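Undergrad: Input final16.csv, format and content: CSV, C-alpha atoms.
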chain,number,residue,atom,x,y,z
Y,1,MET,CA,23.7,-52.1,-2.8
Y,2,ARG,CA,21.9,-50.0,-0.1
Y,3,VAL,CA,18.7,-51.5,1.3
Y,4,ALA,CA,16.2,-50.1,3.8
Y,5,VAL,CA,14.5,-52.9,5.7
Y,6,VAL,CA,11.2,-51.5,7.1
Y,7,SER,CA,9.2,-53.2,9.9
Y,8,ALA,CA,7.0,-52.0,12.8
Y,9,THR,CA,9.3,-53.7,15.2
Y,10,ASP,CA,12.8,-55.4,15.3
Y,11,ILE,CA,12.6,-58.3,17.8
Y,12,THR,CA,9.1,-58.0,19.1
Y,13,GLY,CA,6.6,-60.4,17.5
Y,14,GLY,CA,7.2,-63.1,14.9
Y,15,ALA,CA,7.3,-60.8,11.8
Y,16,GLY,CA,9.6,-58.4,13.6
Y,17,ARG,CA,12.1,-61.2,14.5
Y,18,ALA,CA,12.0,-62.6,11.0
Y,19,SER,CA,12.7,-59.2,9.4
Y,20,TYR,CA,15.5,-58.5,11.9
Y,21,ARG,CA,17.1,-61.8,11.0
Y,22,ILE,CA,16.8,-61.0,7.3
Y,23,HIS,CA,18.4,-57.6,7.9
Y,24,HIS,CA,21.4,-59.2,9.6
Y,25,ALA,CA,21.7,-61.8,6.9
Y,26,LEU,CA,22.0,-59.0,4.4
Y,27,LEU,CA,24.7,-57.3,6.6
Y,28,GLN,CA,26.7,-60.5,6.8
Y,29,ALA,CA,26.6,-60.7,3.0
Y,30,GLY,CA,28.1,-57.2,2.7
Y,31,VAL,CA,24.8,-55.4,1.8
Y,32,ALA,CA,24.5,-51.9,3.3
Y,33,SER,CA,21.3,-52.6,5.1
Y,34,THR,CA,19.6,-50.2,7.6
Y,35,MET,CA,16.5,-51.3,9.5
Y,36,HIS,CA,13.8,-48.7,10.1
Y,37,VAL,CA,11.2,-49.4,12.8
Y,38,THR,CA,8.6,-47.6,15.0
Y,39,ARG,CA,9.6,-49.6,18.1
Y,40,ALA,CA,13.2,-50.5,18.5
Y,41,SER,CA,13.9,-53.0,21.3
Y,42,ALA,CA,17.2,-54.7,20.3
Y,43,GLY,CA,19.5,-51.8,21.1
Y,44,ASP,CA,21.2,-52.3,17.7
Y,45,TRP,CA,22.9,-49.4,16.1
Y,46,THR,CA,21.9,-50.7,12.7
Y,47,VAL,CA,18.3,-50.2,13.6
Y,48,GLU,CA,16.8,-46.8,13.4
Y,49,GLY,CA,13.8,-46.0,15.5
Y,50,PRO,CA,12.0,-42.8,16.3
Y,51,ARG,CA,14.3,-40.1,17.5
Y,52,GLY,CA,13.3,-37.7,20.3
Y,53,TYR,CA,10.4,-37.6,22.6
Y,54,VAL,CA,7.9,-36.1,20.1
Y,55,PRO,CA,8.4,-38.8,17.4
Y,56,GLN,CA,8.3,-41.5,20.1
Y,57,ALA,CA,5.0,-40.1,21.4
Y,58,LEU,CA,3.5,-39.9,17.9
Y,59,VAL,CA,4.3,-43.6,17.5
Y,60,TRP,CA,2.2,-44.5,20.5
Y,61,VAL,CA,-0.5,-42.1,19.5
Y,62,ARG,CA,-0.7,-43.7,16.1
Y,63,HIS,CA,-0.7,-47.1,17.7
Y,64,ALA,CA,-3.5,-46.3,20.1
Y,65,ALA,CA,-5.6,-44.5,17.5
Y,66,GLY,CA,-5.2,-47.3,15.0
Y,67,ALA,CA,-6.2,-49.9,17.6
Y,68,ALA,CA,-9.3,-47.8,18.5
Y,69,LEU,CA,-10.2,-47.3,14.9
Y,70,ALA,CA,-9.9,-51.0,14.2
Y,71,LYS,CA,-12.1,-51.8,17.2
Y,72,VAL,CA,-14.8,-49.3,16.1
Y,73,LEU,CA,-14.8,-50.4,12.5
Y,74,ARG,CA,-14.2,-54.2,12.9
Y,75,THR,CA,-16.7,-56.7,11.7
Y,76,GLU,CA,-18.0,-59.7,13.6
Y,77,ASN,CA,-15.1,-61.6,12.1
Y,78,PRO,CA,-12.8,-62.4,15.1
Y,79,VAL,CA,-9.4,-62.2,13.3
Y,80,LEU,CA,-7.0,-59.3,13.6
Y,81,HIS,CA,-8.0,-56.3,11.4
Y,82,SER,CA,-5.8,-53.4,10.2
Y,83,PRO,CA,-7.7,-50.6,8.4
Y,84,ALA,CA,-4.3,-48.9,7.8
Y,85,VAL,CA,-5.9,-45.5,7.3
Y,86,LEU,CA,-3.8,-43.1,9.4
Y,87,PRO,CA,-1.2,-41.2,7.2
Y,88,SER,CA,2.5,-41.0,8.2
Y,89,ALA,CA,5.8,-39.3,7.1
Y,90,TRP,CA,7.3,-42.7,6.0
Y,91,PRO,CA,6.7,-42.3,2.2
Y,92,GLY,CA,8.8,-39.1,2.1
Y,93,ARG,CA,11.4,-40.4,4.5
Y,94,LEU,CA,12.0,-43.5,2.5
Y,95,THR,CA,11.9,-41.8,-0.9
Y,96,ALA,CA,14.6,-39.3,0.4
Y,97,ASP,CA,16.7,-42.1,1.9
Y,98,ALA,CA,20.0,-43.0,0.3
Y,99,CYS,CA,18.7,-46.6,-0.2
Y,100,GLU,CA,18.3,-48.1,-3.6
Y,101,VAL,CA,15.6,-50.7,-2.5
Y,102,VAL,CA,12.9,-50.6,0.1
Y,103,ASN,CA,12.2,-54.0,1.7
Y,104,LEU,CA,8.9,-53.8,3.5
Y,105,HIS,CA,7.8,-56.3,6.1
Y,106,TRP,CA,4.9,-56.0,8.6
Y,107,VAL,CA,4.1,-52.3,8.3
Y,108,ASN,CA,0.4,-52.1,8.0
Y,109,ALA,CA,-1.0,-52.1,11.5
Y,110,GLU,CA,0.6,-49.0,13.0
Y,111,MET,CA,3.3,-47.8,10.7
Y,112,MET,CA,1.8,-46.8,7.3
Y,113,SER,CA,-1.5,-46.4,5.7
Y,114,VAL,CA,-2.6,-48.2,2.5
Y,115,GLU,CA,-2.0,-45.0,0.6
Y,116,ASP,CA,1.4,-44.4,2.2
Y,117,ILE,CA,2.7,-47.7,0.8
Y,118,GLY,CA,1.7,-46.6,-2.7
Y,119,ARG,CA,3.6,-43.3,-2.3
Y,120,ILE,CA,7.0,-44.8,-1.9
Y,121,ARG,CA,9.1,-43.7,-4.9
Y,122,LYS,CA,11.7,-46.4,-4.7
Y,123,PRO,CA,11.8,-50.0,-5.9
Y,124,VAL,CA,9.8,-51.9,-3.3
Y,125,VAL,CA,10.3,-55.6,-2.3
Y,126,TRP,CA,7.5,-56.5,0.1
Y,127,THR,CA,8.1,-59.6,2.3
Y,128,LEU,CA,4.7,-60.9,3.4
Y,129,HIS,CA,4.3,-62.5,6.8
Y,130,ASP,CA,0.5,-63.0,6.6
Y,131,MET,CA,-2.4,-62.5,4.1
Y,132,TRP,CA,-3.1,-58.8,4.7
Y,133,ALA,CA,-1.5,-57.4,1.6
Y,134,PHE,CA,-4.0,-59.1,-0.8
Y,135,CYS,CA,-7.0,-59.3,1.5
Y,136,GLY,CA,-9.2,-56.5,3.0
Y,137,ALA,CA,-8.4,-55.5,6.5
Y,138,GLU,CA,-7.9,-59.1,7.7
Y,139,HIS,CA,-4.5,-60.6,8.4
Y,140,TYR,CA,-5.8,-64.1,8.0
Y,141,THR,CA,-9.1,-65.3,6.6
Y,142,THR,CA,-10.7,-68.5,5.4
Y,143,ASP,CA,-13.7,-67.0,3.5
Y,144,GLY,CA,-12.0,-66.7,0.2
Y,145,ARG,CA,-13.2,-63.2,-0.8
Y,146,TRP,CA,-9.7,-62.2,-1.7
Y,147,ARG,CA,-9.8,-64.7,-4.6
Y,148,GLY,CA,-12.6,-63.1,-6.6
Y,149,GLY,CA,-12.6,-59.6,-5.1
Y,150,TYR,CA,-14.7,-58.2,-2.3
Y,151,SER,CA,-18.3,-57.6,-3.2
Y,152,ALA,CA,-21.6,-57.3,-1.5
Y,153,ALA,CA,-22.5,-60.7,-2.9
Y,154,ASN,CA,-19.7,-62.6,-1.2
Y,155,ARG,CA,-19.8,-61.0,2.2
Y,156,PRO,CA,-20.2,-63.5,5.0
Y,157,ALA,CA,-23.8,-63.7,6.3
Y,158,PHE,CA,-22.8,-63.1,9.9
Y,159,GLU,CA,-21.3,-59.7,9.2
Y,160,GLY,CA,-23.3,-56.5,9.3
Y,161,GLY,CA,-22.8,-52.7,9.1
Y,162,LEU,CA,-19.9,-51.2,7.2
Y,163,ASP,CA,-18.1,-53.7,5.0
Y,164,LEU,CA,-14.6,-52.9,6.4
Y,165,ASN,CA,-12.8,-55.5,4.4
Y,166,ARG,CA,-14.3,-54.4,1.1
Y,167,TRP,CA,-13.5,-50.7,1.9
Y,168,VAL,CA,-9.9,-51.5,2.7
Y,169,TRP,CA,-9.5,-53.8,-0.3
Y,170,ARG,CA,-10.8,-51.2,-2.7
Y,171,ARG,CA,-8.4,-48.6,-1.3
Y,172,LYS,CA,-5.5,-51.0,-2.0
Y,173,GLY,CA,-6.6,-51.3,-5.6
Y,174,ARG,CA,-6.7,-47.5,-6.0
Y,175,ALA,CA,-3.4,-46.8,-4.2
Y,176,TRP,CA,-1.2,-49.6,-5.5
Y,177,ARG,CA,-1.2,-48.8,-9.3
Y,178,ARG,CA,2.3,-50.3,-9.9
Y,179,PRO,CA,3.0,-53.9,-8.9
Y,180,PHE,CA,5.6,-54.5,-6.1
Y,181,GLN,CA,8.0,-57.4,-6.1
Y,182,ILE,CA,6.5,-59.8,-3.5
Y,183,VAL,CA,8.5,-62.3,-1.4
Y,184,THR,CA,6.8,-65.0,0.7
Y,185,PRO,CA,8.5,-67.4,3.1
Y,186,SER,CA,6.3,-70.3,2.1
Y,187,GLN,CA,4.9,-71.8,-1.1
Y,188,TRP,CA,1.4,-71.7,0.3
Y,189,LEU,CA,1.5,-67.9,0.7
Y,190,ALA,CA,3.0,-67.4,-2.8
Y,191,ASP,CA,0.1,-69.6,-4.2
Y,192,CYS,CA,-2.4,-67.3,-2.4
Y,193,VAL,CA,-0.8,-64.2,-3.9
Y,194,ARG,CA,-1.1,-65.8,-7.4
Y,195,ASP,CA,-4.7,-66.7,-6.7
Y,196,SER,CA,-5.7,-63.3,-5.4
Y,197,ALA,CA,-7.7,-60.8,-7.4
Y,198,LEU,CA,-5.5,-58.0,-6.3
Y,199,MET,CA,-2.0,-59.4,-6.9
Y,200,ARG,CA,-2.4,-62.3,-9.3
Y,201,ASP,CA,-0.2,-60.7,-11.9
Y,202,TRP,CA,2.4,-59.4,-9.5
Y,203,PRO,CA,5.9,-61.0,-9.4
Y,204,VAL,CA,6.3,-63.3,-6.4
Y,205,THR,CA,9.3,-65.2,-5.2
Y,206,VAL,CA,9.5,-67.8,-2.3
Y,207,ILE,CA,12.4,-67.1,0.1
Y,208,PRO,CA,12.4,-68.7,3.5
Y,209,ASN,CA,13.1,-66.7,6.7
Y,210,ALA,CA,16.7,-66.7,7.8
Y,211,ILE,CA,18.3,-67.8,11.1
Y,212,ASP,CA,21.9,-67.5,12.3
Y,213,THR,CA,22.8,-71.2,12.2
Y,214,ASP,CA,26.1,-70.5,14.0
Y,215,THR,CA,24.2,-69.2,17.0
Y,216,TRP,CA,21.2,-71.6,16.7
Y,217,GLN,CA,22.7,-75.0,16.8
Y,218,PRO,CA,22.2,-78.2,18.9
Y,219,VAL,CA,23.2,-78.4,22.5
Y,220,ASP,CA,23.8,-81.7,24.3
Y,221,SER,CA,20.3,-82.9,25.3
Y,222,ALA,CA,21.3,-84.2,28.7
Y,223,LEU,CA,23.1,-80.9,29.5
Y,224,ALA,CA,20.1,-78.9,28.2
Y,225,ARG,CA,17.7,-80.8,30.4
Y,226,THR,CA,19.9,-80.4,33.5
Y,227,LEU,CA,20.1,-76.6,33.0
Y,228,LEU,CA,16.4,-76.3,32.5
Y,229,GLY,CA,15.4,-78.6,35.3
Y,230,LEU,CA,13.7,-81.1,32.9
Y,231,PRO,CA,13.8,-84.9,33.6
Y,232,GLN,CA,16.3,-87.1,32.0
Y,233,GLY,CA,15.6,-90.4,30.2
Y,234,VAL,CA,11.9,-89.6,29.3
Y,235,PRO,CA,10.4,-88.4,26.0
Y,236,ILE,CA,9.7,-84.7,25.9
Y,237,ALA,CA,7.3,-83.0,23.4
Y,238,LEU,CA,7.5,-79.3,23.1
Y,239,PHE,CA,4.8,-76.8,22.1
Y,240,GLY,CA,3.9,-73.2,22.4
Y,241,ALA,CA,1.6,-71.4,24.9
Y,242,ILE,CA,-1.7,-72.9,25.7
Y,243,GLY,CA,-2.9,-69.3,25.7
Y,244,GLY,CA,-3.0,-69.8,22.0
Y,245,ALA,CA,-6.3,-71.5,22.6
Y,246,ARG,CA,-7.9,-68.1,22.1
Y,247,ASP,CA,-6.8,-68.1,18.5
Y,248,PRO,CA,-8.5,-70.9,16.6
Y,249,ARG,CA,-5.8,-70.7,13.9
Y,250,LYS,CA,-3.3,-72.1,16.4
Y,251,GLY,CA,-5.2,-75.4,16.6
Y,252,PHE,CA,-4.9,-76.0,20.3
Y,253,ASP,CA,-8.2,-78.0,20.2
Y,254,LEU,CA,-6.6,-80.2,17.6
Y,255,LEU,CA,-3.5,-80.7,19.8
Y,256,LYS,CA,-5.8,-81.7,22.7
Y,257,GLY,CA,-7.4,-84.3,20.4
Y,258,ALA,CA,-3.9,-85.7,19.5
Y,259,LEU,CA,-2.9,-85.9,23.1
Y,260,LYS,CA,-6.1,-87.7,24.0
Y,261,ALA,CA,-5.4,-90.2,21.3
Y,262,LEU,CA,-1.9,-90.7,22.8
Y,263,ALA,CA,-3.3,-91.4,26.3
Y,264,GLY,CA,-1.9,-94.8,27.5
Y,265,GLN,CA,0.4,-95.1,24.4
Y,266,ILE,CA,3.4,-93.2,25.8
Y,267,PRO,CA,2.9,-93.3,29.6
Y,268,ASP,CA,6.2,-91.5,30.5
Y,269,LEU,CA,5.7,-88.6,28.0
Y,270,VAL,CA,6.3,-85.1,29.4
Y,271,LEU,CA,4.9,-82.0,27.8
Y,272,ALA,CA,7.0,-78.8,27.9
Y,273,VAL,CA,5.1,-75.6,27.3
Y,274,PHE,CA,7.0,-72.3,26.5
Y,275,GLY,CA,5.5,-68.9,26.2
Y,276,GLN,CA,3.5,-68.9,29.4
Y,277,LEU,CA,3.5,-69.6,33.1
Y,278,ALA,CA,1.3,-72.3,34.7
Y,279,PRO,CA,-2.4,-71.3,34.5
Y,280,ARG,CA,-4.6,-71.2,37.6
Y,281,GLU,CA,-6.5,-74.3,36.5
Y,282,ASP,CA,-4.9,-77.6,35.4
Y,283,PRO,CA,-5.3,-77.9,31.6
Y,284,GLU,CA,-5.8,-81.7,32.1
Y,285,LEU,CA,-4.0,-82.7,29.0
Y,286,GLY,CA,-3.5,-86.3,30.2
Y,287,PHE,CA,0.3,-86.0,30.7
Y,288,PRO,CA,2.6,-84.2,33.1
Y,289,VAL,CA,3.1,-80.6,31.9
Y,290,ARG,CA,6.1,-78.4,32.6
Y,291,PHE,CA,5.4,-74.7,32.1
Y,292,LEU,CA,8.6,-72.9,31.3
Y,293,GLY,CA,7.3,-69.3,31.0
Y,294,HIS,CA,8.5,-66.7,28.5
Y,295,LEU,CA,12.0,-67.3,27.2
Y,296,HIS,CA,13.2,-64.2,25.5
Y,297,ASP,CA,16.9,-64.9,25.0
Y,298,ASP,CA,18.3,-67.1,22.3
Y,299,VAL,CA,20.4,-69.2,24.6
Y,300,SER,CA,17.4,-70.4,26.7
Y,301,LEU,CA,15.4,-71.2,23.6
Y,302,ARG,CA,18.3,-73.2,22.1
Y,303,LEU,CA,18.5,-75.2,25.3
Y,304,LEU,CA,14.8,-75.8,25.2
Y,305,TYR,CA,14.7,-77.0,21.6
Y,306,SER,CA,17.7,-79.2,22.3
Y,307,ALA,CA,16.1,-80.7,25.4
Y,308,ALA,CA,13.0,-81.7,23.5
Y,309,ASP,CA,12.5,-84.7,21.3
Y,310,LEU,CA,10.2,-82.9,19.0
Y,311,LEU,CA,8.2,-79.7,18.5
Y,312,VAL,CA,4.5,-79.9,17.8
Y,313,ILE,CA,2.9,-77.2,15.6
Y,314,PRO,CA,-0.9,-78.0,15.4
Y,315,SER,CA,-1.8,-74.8,13.5
Y,316,ARG,CA,-4.7,-74.6,11.1
Y,317,GLN,CA,-3.2,-71.6,9.4
Y,318,ASP,CA,0.5,-70.6,9.5
Y,319,ASN,CA,3.1,-69.2,7.1
Y,320,LEU,CA,6.6,-70.3,8.1
Y,321,PRO,CA,6.6,-70.1,11.9
Y,322,ASN,CA,9.9,-69.0,13.6
Y,323,THR,CA,9.6,-71.7,16.2
Y,324,GLY,CA,9.8,-74.4,13.5
Y,325,VAL,CA,12.8,-72.8,11.9
Y,326,GLU,CA,14.5,-72.5,15.3
Y,327,ALA,CA,13.7,-76.1,16.2
Y,328,LEU,CA,15.2,-77.5,12.9
Y,329,ALA,CA,18.3,-75.4,13.4
Y,330,CYS,CA,18.8,-77.0,16.8
Y,331,GLY,CA,18.3,-80.5,15.2
Y,332,THR,CA,14.8,-81.0,16.7
Y,333,PRO,CA,12.2,-82.7,14.5
Y,334,VAL,CA,8.9,-81.0,13.9
Y,335,VAL,CA,5.4,-82.6,13.8
Y,336,ALA,CA,2.8,-80.5,12.0
Y,337,PHE,CA,-0.2,-80.7,9.7
Y,338,ASP,CA,0.2,-81.0,6.0
Y,339,ALA,CA,-1.5,-77.7,5.4
Y,340,CYS,CA,-0.8,-74.0,4.5
Y,341,GLY,CA,2.9,-73.1,4.9
Y,342,LEU,CA,3.9,-76.0,7.1
Y,343,PRO,CA,5.0,-78.3,4.1
Y,344,SER,CA,7.5,-75.6,3.3
Y,345,LEU,CA,8.9,-76.2,6.8
Y,346,VAL,CA,8.8,-79.9,7.3
Y,347,THR,CA,10.0,-82.7,4.9
Y,348,HIS,CA,7.8,-85.7,5.8
Y,349,GLU,CA,9.7,-88.5,7.6
Y,350,ARG,CA,13.0,-86.8,6.9
Y,351,THR,CA,13.0,-83.7,9.2
Y,352,GLY,CA,9.8,-84.5,11.1
Y,353,PHE,CA,6.2,-85.7,10.3
Y,354,LEU,CA,3.4,-84.1,8.3
Y,355,ALA,CA,0.1,-85.3,9.6
Y,356,LYS,CA,-3.1,-85.3,7.5
Y,357,ALA,CA,-4.6,-81.9,7.6
Y,358,TYR,CA,-6.4,-81.2,10.8
Y,359,ASP,CA,-6.5,-84.9,11.8
Y,360,PRO,CA,-5.7,-85.2,15.5
Y,361,GLU,CA,-5.3,-89.0,15.4
Y,362,ASP,CA,-2.7,-88.7,12.6
Y,363,MET,CA,-0.9,-86.0,14.5
Y,364,ALA,CA,-0.8,-88.5,17.4
Y,365,ALA,CA,0.7,-91.1,15.0
Y,366,GLY,CA,3.3,-88.5,13.9
Y,367,ILE,CA,4.3,-87.9,17.5
Y,368,GLU,CA,4.6,-91.6,18.1
Y,369,TRP,CA,6.6,-92.1,14.9
Y,370,VAL,CA,9.2,-89.5,16.1
Y,371,LEU,CA,9.4,-90.8,19.7
Y,372,ALA,CA,9.7,-94.4,18.6
Y,373,ARG,CA,13.1,-93.4,17.0
Y,374,ARG,CA,14.4,-91.2,19.8
Y,375,SER,CA,17.0,-93.5,21.1
Y,376,SER,CA,17.9,-95.3,17.9
Y,377,PRO,CA,20.3,-94.6,14.9
Y,378,GLU,CA,17.1,-93.6,13.0
Y,379,GLY,CA,16.5,-90.9,15.6
Y,380,ALA,CA,20.0,-89.6,15.3
Y,381,ALA,CA,19.6,-89.5,11.5
Y,382,LEU,CA,16.3,-87.6,11.9
Y,383,ARG,CA,17.9,-84.9,14.1
Y,384,ALA,CA,21.0,-84.7,11.8
Y,385,ALA,CA,18.7,-84.2,8.8
Y,386,ALA,CA,16.7,-81.5,10.6
Y,387,ARG,CA,19.9,-79.6,11.3
Y,388,GLN,CA,21.3,-80.1,7.8
Y,389,ASP,CA,18.0,-78.8,6.3
Y,390,ALA,CA,18.3,-75.6,8.3
Y,391,LEU,CA,21.9,-75.1,7.1
Y,392,ASP,CA,20.8,-75.7,3.5
Y,393,ARG,CA,17.8,-73.5,3.4
Y,394,PHE,CA,17.7,-71.0,6.3
Y,395,SER,CA,21.4,-70.0,6.8
Y,396,PRO,CA,22.1,-66.2,6.4
Y,397,ARG,CA,24.3,-66.8,3.4
Y,398,VAL,CA,21.7,-68.8,1.5
Y,399,VAL,CA,18.8,-66.4,2.2
Y,400,ALA,CA,20.8,-63.2,1.6
Y,401,ALA,CA,21.9,-64.4,-1.8
Y,402,GLN,CA,18.2,-65.0,-2.8
Y,403,TYR,CA,17.2,-61.5,-1.5
Y,404,GLN,CA,20.0,-59.8,-3.4
Y,405,ALA,CA,18.8,-61.4,-6.7
Y,406,VAL,CA,15.3,-60.2,-6.0
Y,407,PHE,CA,16.5,-56.7,-5.2
Y,408,GLN,CA,18.3,-56.6,-8.5
Y,409,GLN,CA,15.2,-57.6,-10.3
Y,410,ALA,CA,13.1,-55.0,-8.5
Y,411,MET,CA,15.6,-52.3,-9.4
Y,412,ALA,CA,15.7,-53.3,-13.0
Y,413,ARG,CA,11.9,-53.4,-13.2
Y,414,HIS,CA,11.6,-50.0,-11.6
Y,415,GLY,CA,13.9,-48.5,-14.1
In structure tokens, how does this file's structure come out?
TA:
Amino acid sequence: MRVAVVSATDITGGAGRASYRIHHALLQAGVASTMHVTRASAGDWTVEGPRGYVPQALVWVRHAAGAALAKVLRTENPVLHSPAVLPSAWPGRLTADACEVVNLHWVNAEMMSVEDIGRIRKPVVWTLHDMWAFCGAEHYTTDGRWRGGYSAANRPAFEGGLDLNRWVWRRKGRAWRRPFQIVTPSQWLADCVRDSALMRDWPVTVIPNAIDTDTWQPVDSALARTLLGLPQGVPIALFGAIGGARDPRKGFDLLKGALKALAGQIPDLVLAVFGQLAPREDPELGFPVRFLGHLHDDVSLRLLYSAADLLVIPSRQDNLPNTGVEALACGTPVVAFDACGLPSLVTHERTGFLAKAYDPEDMAAGIEWVLARRSSPEGAALRAAARQDALDRFSPRVVAAQYQAVFQQAMARHG
């Protein structure tokens, strides 16, 4: 089987990293997979980026033009928008490729137009990393227009001018006349596909993101803390950049509420923050904070997950975050809300804790629940269960086998 994995990036951004890991899972399974991107950063010979100065320049022109167009046309809605209107040569290139199946990933912002996607003349399996495929121009939304169809009657009252989302949604309906095989990493996103006006009759399969469980595995906690300069003998909670406060989906305000509820309960707790350097002003979270900056290599991230007692994901909306998959592979329990795609990541009180949706006090209780077991046999069992869950669900062998089955279904359906 020959497969073309198509993504805007290989190791840049969450969707890019997820698609790159799926590509390598397929290679390990003996599938002839080639990854096609517009920005190649890995230096991997199995990844094909733009060749020559002119194609590279065109990529940046498309990126700049697409960003400017989105800014001009965007509504008052603050989420990321992709009008996906600029045409490209990708439909012809993929149709002429020797591949038997095209596996699309995050392609809509700067790589292909809505119409380009509909012009691919090969069996298409589209792995969704957000809600864009069945929405308008939004990558995430809470207004629910995608369920009944975008109309003038259900447009949010705070929006004015051109109804960008309705325009993009109607273009999708015209351009995508034949259903694609859809893959989603979480059950929540699959349920959204089935509830959507655009894709409710399309075939959809849930396949989690892959991770190399031979590379991503636990490191001795004491050693990891020594190498990272983190204190020994104290509980450490890990979470992503505080800069995520700019995105309400990331739920940083809910995390602050949980930390406030923990004040005085765990006096020696240390918070480790990755993804940013220390800000100019103290965030005043009520506990000592260690800012570890941007960790780009897998070894440093493995050490960090292994050094922590738990990872907190306070997101309001998320699919199957790579950080959670990485943490479980390193045997680190995850505390998150019982909402959106997070129940597809965490098994409650087995690999972590699922707090009541958007309830900071229950999230605080979840953090306490994990930390109360950190030095006991129960804590060791929790970490072992997290690791085993990653082996059972996210290992390349398991994920690649599921993709191969879906590729065969798409080929048979295409005829």
Undergrad: Tell me which of Y:Asn209, Y:Ser41, Y:Ser306, Y:Ser315 sits closest to Arg249 of chain Y, counting only C-alpha atoms.
TA: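 Using only C-alpha atoms, Arg249 of chain Y sits closest to Y:Ser315.
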Undergrad: Could you pull the residues within 9 Å of Arg119 of chain Y, counting only C-alpha atoms, minus those fewer than 6 positions along the same chain, as a list in words?
TA: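 Result of the neighbour search: Pro91, Gly92, Thr95, Ala175 and Trp176 of chain Y.
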Undergrad: Using only C-alpha atoms, which of Y:Trp216, Y:Phe180, Y:Trp132, Y:Phe353 sits nearest Trp146 of chain Y?
TA: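 So, comparing all the options, the nearest one is Y:Trp132.
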Undergrad: Need the shell around segment 150-158 of chain Y: protein/DNA/RNA residues with any atom at most 12 Å away, counting all atoms listed in the file. Skip same-chain ones fewer than 3 positions apart. Format as a PyMOL selection string?
TA: chain Y and resi 75-78+134-137+141-147+161-173+196-198
Undergrad: Find the distance between atom CA of Ala25 of chain Y and atom CA of Ala400 of chain Y and write it in Å to one decimal.
TA: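 Computed distance, atom CA of Ala25 of chain Y to atom CA of Ala400 of chain Y, equals 5.6 Å.
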Undergrad: In Å to one decimal, how far is atom CA of Gln409 of chain Y from atom CA of Cys99 of chain Y?
TA: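 So the answer is 15.3 Å.
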Undergrad: What's the 6 Å shell around segment 253-268 of chain Y, counting all atoms listed in the file, without same-chain residues fewer than 3 positions away, as a list in words?
TA: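 Those residues are Pro314, Pro360, Glu361, Met363 and Ala364 of chain Y.
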